[in-house]
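Here's the structure we're looking at; comments come further down.
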Amino acid sequence: METTTIRVPEVHCDHCVTSIEGALRPMDGVQGAAVDLDTTSVTVTWDPSTASLDQFVAAIEDQGYLVESA
């Protein structure tokens, strides 16, 4: 398992949390996804053999949020 934190500067409310976590959690290889409103980021625990960071970024952007590059 790997844990990755992705900055999503526009998250600010419970709707944002529900939207992003709801998009990530059902994805193959994702063991967990948690949005932190204080740090405006999402932490994803995932299996790199079945998922990729690019998939997570695309899923977040599909929900209408900008992902800040590292």
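For the structure tokens, the naming scheme is as follows: chains receive sequential letters (A, B, ...) according to their order of presentation, residues are indexed from 1 within each chain, and ligands are indexed from 1 in presentation order.
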
Exercise. A:Ile60: which residues within 12 Å, counting only C-alpha atoms, same-chain residues fewer than 4 positions away excluded, as a VMD selection string?
Worked result: chain A and resid 6 to 11 16 to 25 27 33 35 41 to 42 44 53 to 56 64 to 68

Convert the current residue selection to file output with N, CA and C atoms, as a CSV table (one decimal), in the first residue's frame.
```csv
chain,number,residue,atom,x,y,z
A,6,ILE,N,-2.7,14.8,-2.0
A,6,ILE,CA,-2.9,15.6,-3.1
A,6,ILE,C,-3.5,16.9,-2.7
A,7,ARG,N,-2.9,18.0,-3.1
A,7,ARG,CA,-3.4,19.4,-2.7
A,7,ARG,C,-4.6,19.7,-3.7
A,8,VAL,N,-5.7,20.1,-3.0
A,8,VAL,CA,-6.9,20.6,-3.8
A,8,VAL,C,-7.3,21.9,-3.1
A,9,PRO,N,-6.7,23.0,-3.5
A,9,PRO,CA,-6.9,24.3,-2.9
A,9,PRO,C,-8.4,24.8,-2.8
A,10,GLU,N,-9.2,24.3,-3.6
A,10,GLU,CA,-10.6,24.8,-3.6
A,10,GLU,C,-11.6,24.1,-2.7
A,11,VAL,N,-11.1,23.1,-2.0
A,11,VAL,CA,-12.0,22.4,-1.1
A,11,VAL,C,-12.3,23.3,0.2
A,16,CYS,N,-17.8,19.4,-0.8
A,16,CYS,CA,-16.5,19.1,-1.4
A,16,CYS,C,-16.0,17.8,-0.9
A,17,VAL,N,-16.1,17.6,0.4
A,17,VAL,CA,-15.6,16.3,1.0
A,17,VAL,C,-16.4,15.1,0.4
A,18,THR,N,-17.7,15.2,0.4
A,18,THR,CA,-18.5,14.2,-0.1
A,18,THR,C,-18.3,13.9,-1.6
A,19,SER,N,-18.1,14.9,-2.4
A,19,SER,CA,-17.9,14.8,-3.8
A,19,SER,C,-16.6,14.1,-4.1
A,20,ILE,N,-15.5,14.6,-3.5
A,20,ILE,CA,-14.2,14.0,-3.8
A,20,ILE,C,-14.0,12.6,-3.2
A,21,GLU,N,-14.4,12.4,-2.0
A,21,GLU,CA,-14.3,11.1,-1.4
A,21,GLU,C,-15.2,10.1,-2.1
A,22,GLY,N,-16.3,10.6,-2.5
A,22,GLY,CA,-17.3,9.7,-3.2
A,22,GLY,C,-16.7,9.3,-4.6
A,23,ALA,N,-15.9,10.1,-5.2
A,23,ALA,CA,-15.3,9.8,-6.5
A,23,ALA,C,-14.1,8.8,-6.4
A,24,LEU,N,-13.4,9.0,-5.3
A,24,LEU,CA,-12.2,8.2,-5.1
A,24,LEU,C,-12.4,6.8,-4.5
A,25,ARG,N,-13.2,6.8,-3.4
A,25,ARG,CA,-13.3,5.5,-2.6
A,25,ARG,C,-13.7,4.3,-3.5
A,27,MET,N,-12.9,3.5,-6.5
A,27,MET,CA,-12.0,3.2,-7.5
A,27,MET,C,-11.2,1.9,-7.1
A,33,ALA,N,-9.8,7.2,1.2
A,33,ALA,CA,-9.6,8.5,0.8
A,33,ALA,C,-10.3,9.5,1.8
A,35,VAL,N,-10.6,13.7,2.8
A,35,VAL,CA,-10.3,15.1,2.5
A,35,VAL,C,-10.1,15.8,3.9
A,41,SER,N,-6.5,19.4,1.3
A,41,SER,CA,-5.8,18.2,0.6
A,41,SER,C,-6.7,17.0,0.8
A,42,VAL,N,-6.3,16.0,0.0
A,42,VAL,CA,-7.0,14.7,0.1
A,42,VAL,C,-5.8,13.6,0.3
A,44,VAL,N,-4.9,9.7,0.0
A,44,VAL,CA,-5.4,8.5,-0.6
A,44,VAL,C,-4.4,7.3,-0.2
A,53,LEU,N,-1.8,7.5,-9.7
A,53,LEU,CA,-2.0,8.9,-9.2
A,53,LEU,C,-2.8,9.7,-10.3
A,54,ASP,N,-2.5,9.5,-11.6
A,54,ASP,CA,-3.2,10.1,-12.7
A,54,ASP,C,-4.7,9.9,-12.6
A,55,GLN,N,-5.1,8.7,-12.3
A,55,GLN,CA,-6.5,8.3,-12.2
A,55,GLN,C,-7.1,9.2,-11.0
A,56,PHE,N,-6.4,9.4,-9.9
A,56,PHE,CA,-7.0,10.1,-8.8
A,56,PHE,C,-7.2,11.6,-9.2
A,64,GLY,N,-14.8,18.8,-10.7
A,64,GLY,CA,-14.8,20.2,-10.9
A,64,GLY,C,-13.8,20.9,-10.0
A,65,TYR,N,-12.8,20.2,-9.5
A,65,TYR,CA,-11.8,20.8,-8.6
A,65,TYR,C,-10.5,20.9,-9.3
A,66,LEU,N,-9.7,21.9,-9.0
A,66,LEU,CA,-8.4,22.1,-9.5
A,66,LEU,C,-7.4,21.3,-8.6
A,67,VAL,N,-6.5,20.5,-9.1
A,67,VAL,CA,-5.5,19.8,-8.4
A,67,VAL,C,-4.2,20.6,-8.5
A,68,GLU,N,-3.6,20.9,-7.4
A,68,GLU,CA,-2.3,21.7,-7.4
A,68,GLU,C,-1.2,20.7,-7.6
```

For this session: Enumerate, as a list of chain:residue names, the complete set of residues in stretch 1-67 of chain A that a backbone-based DSSP assignment places in strand (DSSP E).
Result: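 Across stretch 1-67 of chain A, those assigned strand (DSSP E) are A:Glu2, A:Thr3, A:Thr4, A:Thr5, A:Ile6, A:Arg7, A:Val30, A:Gln31, A:Gly32, A:Ala33, A:Ala34, A:Val35, A:Asp36, A:Ser41, A:Val42, A:Thr43, A:Val44, A:Thr45, A:Trp46.
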
Using N, CA, C and O atoms, can you export the residues from the last selection as a JSON list (two decimals), in the first residue's frame?
```
[["chain", "number", "residue", "atom", "x", "y", "z"],
["A", 2, "GLU", "N", 0.34, 2.26, -0.59],
["A", 2, "GLU", "CA", 1.02, 3.55, -0.65],
["A", 2, "GLU", "C", 0.03, 4.62, -0.20],
["A", 2, "GLU", "O", -1.17, 4.49, -0.40],
["A", 3, "THR", "N", 0.56, 5.67, 0.42],
["A", 3, "THR", "CA", -0.28, 6.79, 0.83],
["A", 3, "THR", "C", 0.23, 8.04, 0.14],
["A", 3, "THR", "O", 1.43, 8.34, 0.17],
["A", 4, "THR", "N", -0.68, 8.77, -0.49],
["A", 4, "THR", "CA", -0.35, 9.97, -1.24],
["A", 4, "THR", "C", -1.27, 11.11, -0.80],
["A", 4, "THR", "O", -2.46, 10.89, -0.61],
["A", 5, "THR", "N", -0.70, 12.29, -0.67],
["A", 5, "THR", "CA", -1.49, 13.48, -0.36],
["A", 5, "THR", "C", -1.52, 14.38, -1.58],
["A", 5, "THR", "O", -0.48, 14.68, -2.16],
["A", 6, "ILE", "N", -2.73, 14.78, -1.95],
["A", 6, "ILE", "CA", -2.94, 15.61, -3.15],
["A", 6, "ILE", "C", -3.54, 16.93, -2.69],
["A", 6, "ILE", "O", -4.56, 16.95, -2.00],
["A", 7, "ARG", "N", -2.92, 18.04, -3.08],
["A", 7, "ARG", "CA", -3.44, 19.37, -2.73],
["A", 7, "ARG", "C", -4.59, 19.73, -3.67],
["A", 7, "ARG", "O", -4.47, 19.64, -4.88],
["A", 30, "VAL", "N", -8.15, 1.56, -4.40],
["A", 30, "VAL", "CA", -8.20, 2.57, -3.34],
["A", 30, "VAL", "C", -8.69, 1.90, -2.05],
["A", 30, "VAL", "O", -9.76, 1.31, -2.00],
["A", 31, "GLN", "N", -7.87, 2.01, -1.02],
["A", 31, "GLN", "CA", -8.23, 1.47, 0.29],
["A", 31, "GLN", "C", -8.89, 2.53, 1.17],
["A", 31, "GLN", "O", -9.63, 2.22, 2.08],
["A", 32, "GLY", "N", -8.58, 3.81, 0.89],
["A", 32, "GLY", "CA", -9.17, 4.89, 1.65],
["A", 32, "GLY", "C", -8.89, 6.23, 1.01],
["A", 32, "GLY", "O", -7.89, 6.40, 0.32],
["A", 33, "ALA", "N", -9.79, 7.17, 1.25],
["A", 33, "ALA", "CA", -9.63, 8.54, 0.75],
["A", 33, "ALA", "C", -10.26, 9.47, 1.78],
["A", 33, "ALA", "O", -11.40, 9.26, 2.19],
["A", 34, "ALA", "N", -9.49, 10.47, 2.22],
["A", 34, "ALA", "CA", -9.98, 11.39, 3.24],
["A", 34, "ALA", "C", -9.58, 12.81, 2.89],
["A", 34, "ALA", "O", -8.39, 13.11, 2.72],
["A", 35, "VAL", "N", -10.57, 13.68, 2.80],
["A", 35, "VAL", "CA", -10.33, 15.10, 2.54],
["A", 35, "VAL", "C", -10.12, 15.80, 3.88],
["A", 35, "VAL", "O", -10.85, 15.56, 4.84],
["A", 36, "ASP", "N", -9.12, 16.67, 3.93],
["A", 36, "ASP", "CA", -8.85, 17.49, 5.11],
["A", 36, "ASP", "C", -9.09, 18.94, 4.72],
["A", 36, "ASP", "O", -8.33, 19.51, 3.94],
["A", 41, "SER", "N", -6.49, 19.36, 1.30],
["A", 41, "SER", "CA", -5.84, 18.24, 0.62],
["A", 41, "SER", "C", -6.66, 16.97, 0.81],
["A", 41, "SER", "O", -7.54, 16.90, 1.66],
["A", 42, "VAL", "N", -6.35, 15.98, 0.00],
["A", 42, "VAL", "CA", -6.96, 14.66, 0.14],
["A", 42, "VAL", "C", -5.84, 13.64, 0.25],
["A", 42, "VAL", "O", -4.86, 13.69, -0.49],
["A", 43, "THR", "N", -5.96, 12.75, 1.20],
["A", 43, "THR", "CA", -4.99, 11.67, 1.39],
["A", 43, "THR", "C", -5.62, 10.38, 0.90],
["A", 43, "THR", "O", -6.72, 10.02, 1.31],
["A", 44, "VAL", "N", -4.90, 9.71, 0.00],
["A", 44, "VAL", "CA", -5.39, 8.48, -0.60],
["A", 44, "VAL", "C", -4.44, 7.34, -0.23],
["A", 44, "VAL", "O", -3.23, 7.46, -0.39],
["A", 45, "THR", "N", -5.01, 6.26, 0.28],
["A", 45, "THR", "CA", -4.25, 5.04, 0.52],
["A", 45, "THR", "C", -4.64, 4.07, -0.58],
["A", 45, "THR", "O", -5.84, 3.80, -0.78],
["A", 46, "TRP", "N", -3.63, 3.57, -1.29],
["A", 46, "TRP", "CA", -3.94, 2.83, -2.51],
["A", 46, "TRP", "C", -2.87, 1.79, -2.85],
["A", 46, "TRP", "O", -1.76, 1.82, -2.33]]
```

Exercise. Contacts of A:Pro48 at 8 Å or less, counting only C-alpha atoms, minus same-chain residues fewer than 3 places along, as a list in words?
Worked result: Met1, Glu2, Gly29, Ala51 and Ser52 of chain A

Exercise. If you measure from atom CA of A:Cys13 to atom CA of A:Asp38, what distance in Å do you get, rounded to one decimal?
Worked result: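 Taking atom CA of A:Cys13 and atom CA of A:Asp38, their separation equals 10.3 Å.
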
For this session: Taking the chain letters and numbering used in this document, name the residues of chain A that DSSP puts in alpha helix (DSSP H), as an MDAnalysis selection string.
Result: chainID A and resid 14:24 53:62
